[in-house]
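The block underneath contains the structure these notes are about, expressed in structure tokens.
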Amino acid sequence: MSATAAVHSLWTTAATAADPISRIDAPKIEYGQLAPTLIVVGAAVVGILVEAFVPRKSRYYAQMFVAVVALAAAFAAVVALAADGYGTTKAGIAAMGAIAVDGPALFLQGTILLTALVGLFTFAERRLDPEVHGNRVDSFAAQAASVPGSDSEKKAVKAGFTTTEVFPLLLFAVSGMLVFPAANDLLTLFVALEVLSLPLYLLCALARRKRLMSQEAAVKYFLLGAFASAFTLFGIALLYGYSGSMSYATIAQVVDGTVQDVSPALADTMGNDALLLVGAALLVMGLLFKVGAVPFHMWTPDVYQGAPTPVTGFMAAATKVAAFGALLRILYVVLPGLRWDWRPVMWAVAIVTMLAGAIVAITQTDIKRLLAYSSIAHAGFILAGVIATTPSGISSVLFYLAAYSFVTIGAFAVVTLVRDAGGEATHLSKWAGLGRRSPLVAAVFAVFLLAFAGIPLTSGFAGKFAVFKAAAEGGAAPLVVVGVISSAIAAFFYIRVIVLMFFSEPRPEGPTVAVPSPLTMTAIGVGVAVTVVLGVAPQYFLELAGDAGVFVR
């Protein structure tokens with residue numbers, strides 16, 4: 001027997017003799033229940049291989065095909081899981097306790113996938129800018145690595161290069177967003193947070209026009225996002241120290257005092273409420289940063305303004321859906337025993353967010369910054385539903401997120417159409433008289449603005465009504481009063497833009513409205529359709545959100 005074989009036989013004999021390490025159980029993964037996320041991750045990896053092996057001329061179409069098929073297939077998988085009862089009767093925990101497959105998770109994943117699919121069409125738009133050296137161009141830098149204004153950038157533009165890496169980056173961000181609201185332990189939550197954030201930091205830096213502004217936006221987002229991630233991680237560490245576990249259910253039991261088998265070490269930390277309170281505060285702070293709530297909102301206007309507009313639309317819609325889903329699960333599943341501690345704080349955050357978003361938006365002169373402050377105000381409205389702490393609170397937030405995400409993507413898609421010599425004309429003064437020059441585009445944008453304002457017969461009204469009703473039933477009537485006042489303030493600047501478009505004289509040197517390809521038309525059309533349908537006949541979708549509004553514990 002050789003020396004190697006002898007050592008190997010000794011090793012296996014020792015392993016068999018010592019019972020605890022005789023066999024390591026293979027992890028049990030429910031691939032069917034995790035299919036939506038796995039499809040998107042797989043497609044993102046395929047996208048990287050496309051970048052490596054497919055000739056440059058064919059990459060755009062190959063990436064587009066892979067991304068559309070993946071998002072559609074993942075949405076079909078979500079629908080199949082919901083139809084199979086995983087949102088209601090079969091709801092459970094998958095992947096060794098890491099992922100929850102339940103109503104809210106599936107509803108939010110479906111919303112994220114549809115939002116991403118519509119957002120993808122704006123990413124792929126190549127008809128808005130005039131052709132450069134005979135090549136069609138999109139919203140993204142010709143070569144991301146080249147310094148703005150350098151010779152290498154000019155050569156890349158002349159050669160007709162395009163940054164097709166944006167498609168796999170979008171898919172990686174979506175994969176993180178799918179896991180984020182479904183995470184069932186703190187480690188999975190943090191990994192999902194990083195997977196959704198890092199591609200967005202990159203995407204924000206890739207604007208074809210105004211590249212320095214775009215890169216500045218990305219650096220701001222990255223630095224503040226890194227701080228928020230650090231807060232989240234520190235909060236996770238403290239909650240682990242308090243409960244001795246990363247699992248949502250175990251932490252909830254320790255907080256409630258219903259945990260079994262209390263070891264002496266756990267009994268010591270359980271008595272230390274400072275660990276729990278500071279840990280919970282830091283964790284929630286990281287999530288409030290992602291939703292753009294005051295006072296963690298400072299990144300929002302700069303990033304929304306500097307990022308390429310298709311990225312802004314996708315980020316504004318999908319990130320909010322994922323982050324509010326995670327926030328709901330943390331507050332309703334992990335920290336229901338701390339309700340009397342976190343509710344007053346969230347009251348304050350919601351009130352300040354609604355008022356600050358609405359009031360500061362009035363002073364804005366850039367359409368993208370105006371929509372950014374509008375999104376901050378909407379974060380406050382959604383928080384009113386979160387604070388309700390009732391089943392109708394969950395379902396109203398789910399409905400609001402679905403309604404809001406399509407209005408947002410549609411509005412930013414319209415912003416990409418209004419152009420002058422320097423690219424997109426985002427200064428409000430340039431939108432004067434747009435309704436006379438291009439009545440259809442102005443009318444569509446007016447529909448989105450009315451939905452943001454919460455005017456009846458739009459999805460915004462149905463969403464606000466559901467959220468405020470849930471908040472009032474949950475004992476937060478004063479919050480509803482503040483919400484209605486904020487909505488009235490916000491309505492002023494939305495109506496102001498509509499008046500500017502339809503009742504001002506168009507400037508002779510004003511911008512033109514570019515004729516988009518069917519891709520952007522589809523994005524805008526879907527936005528209008530969802531806005532009108534959810535406004536005129538919201539009942540079916542409210543019931544769908546109601547059925548999906550039960551967390552598995």
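Ordered as shown in the structure tokens, chains take letters A, B, and onward, while each chain numbers its residues from 1 and ligands are numbered from 1 in the order shown.
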Residues within 12 Å of Ala70 (chain A), only C-alpha atoms, excluding chain neighbours under 3 positions, as a ChimeraX atom specification: /A:35-47,63-67,73-77,113-114,116-117,120,167-168,170-172,174-175
Selected residues written out, C-alpha atoms, as a short mmCIF file (atom, residue, chain, number, x, y, z; two decimals), in the first residue's frame:
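Once everything was written out, this is result.cif:
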```
data_model
loop_
_atom_site.label_atom_id
_atom_site.label_comp_id
_atom_site.auth_asym_id
_atom_site.auth_seq_id
_atom_site.Cartn_x
_atom_site.Cartn_y
_atom_site.Cartn_z
CA ALA A 35 -36.58 29.24 -10.19
CA PRO A 36 -37.30 32.97 -10.81
CA THR A 37 -34.03 34.05 -9.19
CA LEU A 38 -31.99 31.21 -10.69
CA ILE A 39 -33.24 31.99 -14.23
CA VAL A 40 -32.18 35.64 -13.93
CA VAL A 41 -28.77 34.82 -12.41
CA GLY A 42 -28.15 32.19 -15.10
CA ALA A 43 -29.04 34.68 -17.84
CA ALA A 44 -26.73 37.31 -16.31
CA VAL A 45 -23.85 34.79 -16.45
CA VAL A 46 -24.77 33.97 -20.07
CA GLY A 47 -24.68 37.73 -20.75
CA GLN A 63 -27.86 40.51 -25.05
CA MET A 64 -31.31 41.91 -25.71
CA PHE A 65 -32.64 38.45 -26.59
CA VAL A 66 -31.10 36.80 -23.50
CA ALA A 67 -32.39 39.51 -21.14
CA ALA A 73 -39.34 33.20 -18.17
CA ALA A 74 -38.70 34.31 -14.58
CA PHE A 75 -42.08 36.09 -14.49
CA ALA A 76 -43.76 32.94 -15.86
CA ALA A 77 -42.05 30.99 -13.05
CA LEU A 113 -39.61 41.42 -13.10
CA LEU A 114 -42.32 43.27 -15.06
CA ALA A 116 -37.33 45.40 -15.21
CA LEU A 117 -38.74 44.11 -18.53
CA LEU A 120 -35.06 47.03 -20.37
CA PHE A 167 -27.83 44.20 -20.00
CA PRO A 168 -26.05 41.66 -17.75
CA LEU A 170 -29.36 45.00 -15.19
CA LEU A 171 -29.94 41.25 -14.76
CA PHE A 172 -27.52 41.02 -11.81
CA VAL A 174 -32.65 42.30 -10.73
CA SER A 175 -31.38 39.01 -9.23
#
```
Shell around Phe452 (chain A) at 10 Å using only C-alpha atoms, local window under 3 positions removed, as a PyMOL selection string: chain A and resi 371+374-375+377-378+403-404+407-408+411+446-449+455+458-461+464+487+490-491+494+531
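Considering the residues A:Ile409, A:Pro439, A:Gly176, A:Lys430 and counting only C-alpha atoms, Val530 (chain A) has its shortest atom-to-atom contact with A:Ile409.
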Would you list the contacts of Lys57 (chain A) as a list in words, taking every protein, DNA or RNA residue within 10 Å and counting only C-alpha atoms, but skipping same-chain residues closer than 6 positions in sequence?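 Non-adjacent residues within range: Gly160, Phe161 and Thr162 of chain A.
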Just how far from CA of Phe324 (chain A) is CA of Ala361 (chain A), in Å to one decimal?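 Between CA of Ala361 (chain A) and CA of Phe324 (chain A) the gap is 22.2 Å.
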Dump as CSV the rows for residues of region 397-490 of chain A within 9 Å of region 505-524 of chain A: closest atom pair and distance in Å with one decimal, only C-alpha atoms counted, ordered by chain and rising residue number.
```
residue,atom,partner,partner_atom,distance
A:Phe406,CA,A:Ala523,CA,8.8
A:Val407,CA,A:Ile524,CA,8.9
A:Ile409,CA,A:Ala523,CA,7.4
A:Gly410,CA,A:Ile524,CA,4.7
A:Ala411,CA,A:Ile524,CA,7.6
A:Phe412,CA,A:Ile524,CA,9.0
A:Ala413,CA,A:Ile524,CA,6.3
A:Val414,CA,A:Ile524,CA,7.0
A:Thr416,CA,A:Ala514,CA,8.5
A:Leu417,CA,A:Ala514,CA,5.2
A:Val418,CA,A:Val513,CA,4.7
A:Arg419,CA,A:Pro511,CA,5.2
A:Asp420,CA,A:Pro511,CA,4.6
A:Ala421,CA,A:Pro511,CA,8.0
A:Glu424,CA,A:Pro511,CA,8.6
A:Ala425,CA,A:Pro511,CA,6.6
A:Lys430,CA,A:Gly510,CA,5.8
A:Trp431,CA,A:Pro511,CA,7.7
A:Ala432,CA,A:Pro506,CA,5.6
A:Gly433,CA,A:Pro506,CA,3.9
A:Leu434,CA,A:Pro506,CA,6.5
A:Gly435,CA,A:Pro506,CA,8.6
A:Arg436,CA,A:Pro506,CA,7.2
A:Arg437,CA,A:Pro506,CA,7.2
A:Ser438,CA,A:Val513,CA,7.0
A:Val441,CA,A:Val513,CA,8.0
A:Val444,CA,A:Ile524,CA,8.2
```
I need the residue nearest Arg209 (chain A) from this list: A:Ala237, A:Val157, A:Leu169, A:Ile251. Use only C-alpha atoms for the distance. A:Val157
CA of Ala462 (chain A) to CA of Ile495 (chain A): how many Å, to one decimal? 18.9 Å
Counting only C-alpha atoms, the residue among A:Leu34, A:Leu428, A:Val415, A:Leu355 that lies closest to Leu500 (chain A) is A:Leu428
Based on DSSP run over this structure's backbone, return all residues of region 83-312 of chain A in alpha helix (DSSP H), as a PyMOL selection string. chain A and resi 83+103-123+151-158+166-179+186-204+211-243+248-256+264-270+273-291+299-306+309-312
List every residue of region 262-473 of chain A that DSSP, applied to the backbone of this structure, assigns to strand (DSSP E or B), and report them as a PyMOL selection string. chain A and resi 366+418-420+423-424+427
Produce a file of the selected residues containing N, CA, C and O atoms, as a short mmCIF file (atom, residue, chain, number, x, y, z; two decimals), in the first residue's frame.
```cif
data_model
loop_
_atom_site.label_atom_id
_atom_site.label_comp_id
_atom_site.auth_asym_id
_atom_site.auth_seq_id
_atom_site.Cartn_x
_atom_site.Cartn_y
_atom_site.Cartn_z
N ASP A 366 -35.30 71.41 -12.54
CA ASP A 366 -34.92 70.31 -13.44
C ASP A 366 -35.95 69.19 -13.30
O ASP A 366 -36.29 68.81 -12.18
N VAL A 418 -37.70 64.21 -24.92
CA VAL A 418 -37.64 65.68 -25.13
C VAL A 418 -36.18 66.08 -25.21
O VAL A 418 -35.44 65.99 -24.21
N ARG A 419 -35.74 66.54 -26.40
CA ARG A 419 -34.30 66.71 -26.65
C ARG A 419 -33.98 68.04 -27.32
O ARG A 419 -34.78 68.59 -28.05
N ASP A 420 -32.76 68.51 -27.05
CA ASP A 420 -32.21 69.62 -27.83
C ASP A 420 -30.81 69.21 -28.29
O ASP A 420 -30.45 68.03 -28.20
N GLY A 423 -28.64 66.92 -26.06
CA GLY A 423 -29.20 65.67 -25.54
C GLY A 423 -30.55 65.94 -24.91
O GLY A 423 -31.34 66.76 -25.40
N GLU A 424 -30.85 65.26 -23.80
CA GLU A 424 -32.14 65.44 -23.14
C GLU A 424 -32.27 66.86 -22.60
O GLU A 424 -31.35 67.38 -21.99
N HIS A 427 -34.28 70.82 -18.28
CA HIS A 427 -34.63 72.05 -17.57
C HIS A 427 -36.10 72.39 -17.83
O HIS A 427 -36.57 72.35 -18.97
#
```
I'd like to know which of A:Ala281, A:Ala488, A:Gly337, A:Ile99 is closest to Met354 (chain A), using only C-alpha atoms. A:Ala488
Mind checking which residues fall within 12 Å of Leu401 (chain A), counting only C-alpha atoms, ignoring those fewer than 6 positions away in the same chain, and posting them as a PyMOL selection string? chain A and resi 104+107-112+115+291+316-325+375+378-379+381-383+385-386+394-395+407-408+459-460+462-464+466-467+534+541-542+545
Skip region 193-203 of chain A itself and residues of its chain fewer than 4 positions away, then list as a short mmCIF file (atom, residue, chain, number, x, y, z; two decimals) with N, CA and C atoms, in the first residue's frame all residues within 8 Å of it, counting only C-alpha atoms.
```
data_model
loop_
_atom_site.label_atom_id
_atom_site.label_comp_id
_atom_site.auth_asym_id
_atom_site.auth_seq_id
_atom_site.Cartn_x
_atom_site.Cartn_y
_atom_site.Cartn_z
N VAL A 166 -24.45 46.70 -20.18
CA VAL A 166 -25.55 47.18 -19.32
C VAL A 166 -26.62 46.11 -19.15
N LEU A 169 -25.57 43.66 -16.40
CA LEU A 169 -25.59 44.43 -15.15
C LEU A 169 -27.02 44.59 -14.65
N LEU A 170 -27.94 44.89 -15.56
CA LEU A 170 -29.36 45.00 -15.19
C LEU A 170 -29.85 43.68 -14.61
N PHE A 172 -28.09 41.27 -13.15
CA PHE A 172 -27.52 41.02 -11.81
C PHE A 172 -28.24 41.86 -10.76
N ALA A 173 -28.54 43.13 -11.09
CA ALA A 173 -29.27 43.98 -10.15
C ALA A 173 -30.64 43.38 -9.86
N VAL A 174 -31.31 42.89 -10.91
CA VAL A 174 -32.65 42.30 -10.73
C VAL A 174 -32.56 41.04 -9.85
N SER A 175 -31.50 40.23 -10.04
CA SER A 175 -31.38 39.01 -9.23
C SER A 175 -31.25 39.36 -7.74
N GLY A 176 -30.49 40.42 -7.43
CA GLY A 176 -30.41 40.87 -6.04
C GLY A 176 -31.75 41.37 -5.53
N MET A 177 -32.47 42.10 -6.39
CA MET A 177 -33.78 42.64 -6.00
C MET A 177 -34.79 41.52 -5.74
N PHE A 180 -33.90 40.14 -2.24
CA PHE A 180 -33.95 41.11 -1.14
C PHE A 180 -35.26 41.05 -0.35
N LEU A 189 -30.03 38.61 3.41
CA LEU A 189 -30.46 40.00 3.18
C LEU A 189 -29.28 40.87 2.77
N ALA A 218 -22.54 58.65 -9.76
CA ALA A 218 -22.20 57.27 -9.36
C ALA A 218 -21.31 57.26 -8.12
N VAL A 219 -20.33 58.17 -8.05
CA VAL A 219 -19.44 58.22 -6.88
C VAL A 219 -20.23 58.58 -5.62
N TYR A 221 -23.41 58.08 -5.09
CA TYR A 221 -24.27 56.93 -4.77
C TYR A 221 -23.45 55.82 -4.12
N PHE A 222 -22.26 55.58 -4.68
CA PHE A 222 -21.41 54.51 -4.15
C PHE A 222 -20.96 54.82 -2.71
N GLY A 225 -23.95 54.79 -0.42
CA GLY A 225 -24.42 53.40 -0.36
C GLY A 225 -23.52 52.53 0.49
N SER A 229 -24.59 50.49 3.73
CA SER A 229 -24.31 49.05 3.86
C SER A 229 -23.57 48.77 5.17
N ALA A 307 -27.58 60.17 -13.45
CA ALA A 307 -27.57 58.85 -14.09
C ALA A 307 -28.25 58.92 -15.46
N PRO A 308 -27.89 58.00 -16.38
CA PRO A 308 -28.64 57.93 -17.65
C PRO A 308 -30.13 57.75 -17.33
N VAL A 311 -31.67 54.33 -16.71
CA VAL A 311 -31.23 53.75 -15.43
C VAL A 311 -32.00 54.39 -14.28
N MET A 315 -34.17 52.26 -11.74
CA MET A 315 -33.73 52.30 -10.34
C MET A 315 -34.83 52.85 -9.44
#
```
For the contact check between region 194-273 of chain A and region 123-146 of chain A, emit one row per residue of region 194-273 of chain A within 9 Å, containing the shortest atom pair and the distance in Å rounded to one decimal, counting only C-alpha atoms, chain then rising number order, as JSON lines.
```
{"residue": "A:Leu203", "atom": "CA", "partner": "A:Phe140", "partner_atom": "CA", "distance": 8.7}
{"residue": "A:Ala205", "atom": "CA", "partner": "A:Ala144", "partner_atom": "CA", "distance": 8.2}
{"residue": "A:Leu206", "atom": "CA", "partner": "A:Phe140", "partner_atom": "CA", "distance": 5.3}
{"residue": "A:Ala207", "atom": "CA", "partner": "A:Phe140", "partner_atom": "CA", "distance": 4.7}
{"residue": "A:Arg208", "atom": "CA", "partner": "A:Ala141", "partner_atom": "CA", "distance": 3.9}
{"residue": "A:Arg209", "atom": "CA", "partner": "A:Ala141", "partner_atom": "CA", "distance": 7.6}
{"residue": "A:Arg211", "atom": "CA", "partner": "A:Ala141", "partner_atom": "CA", "distance": 7.8}
```
Report, in Å to a single decimal, how far apart CA of Ala470 (chain A) and CA of Ile362 (chain A) are. 28.1 Å
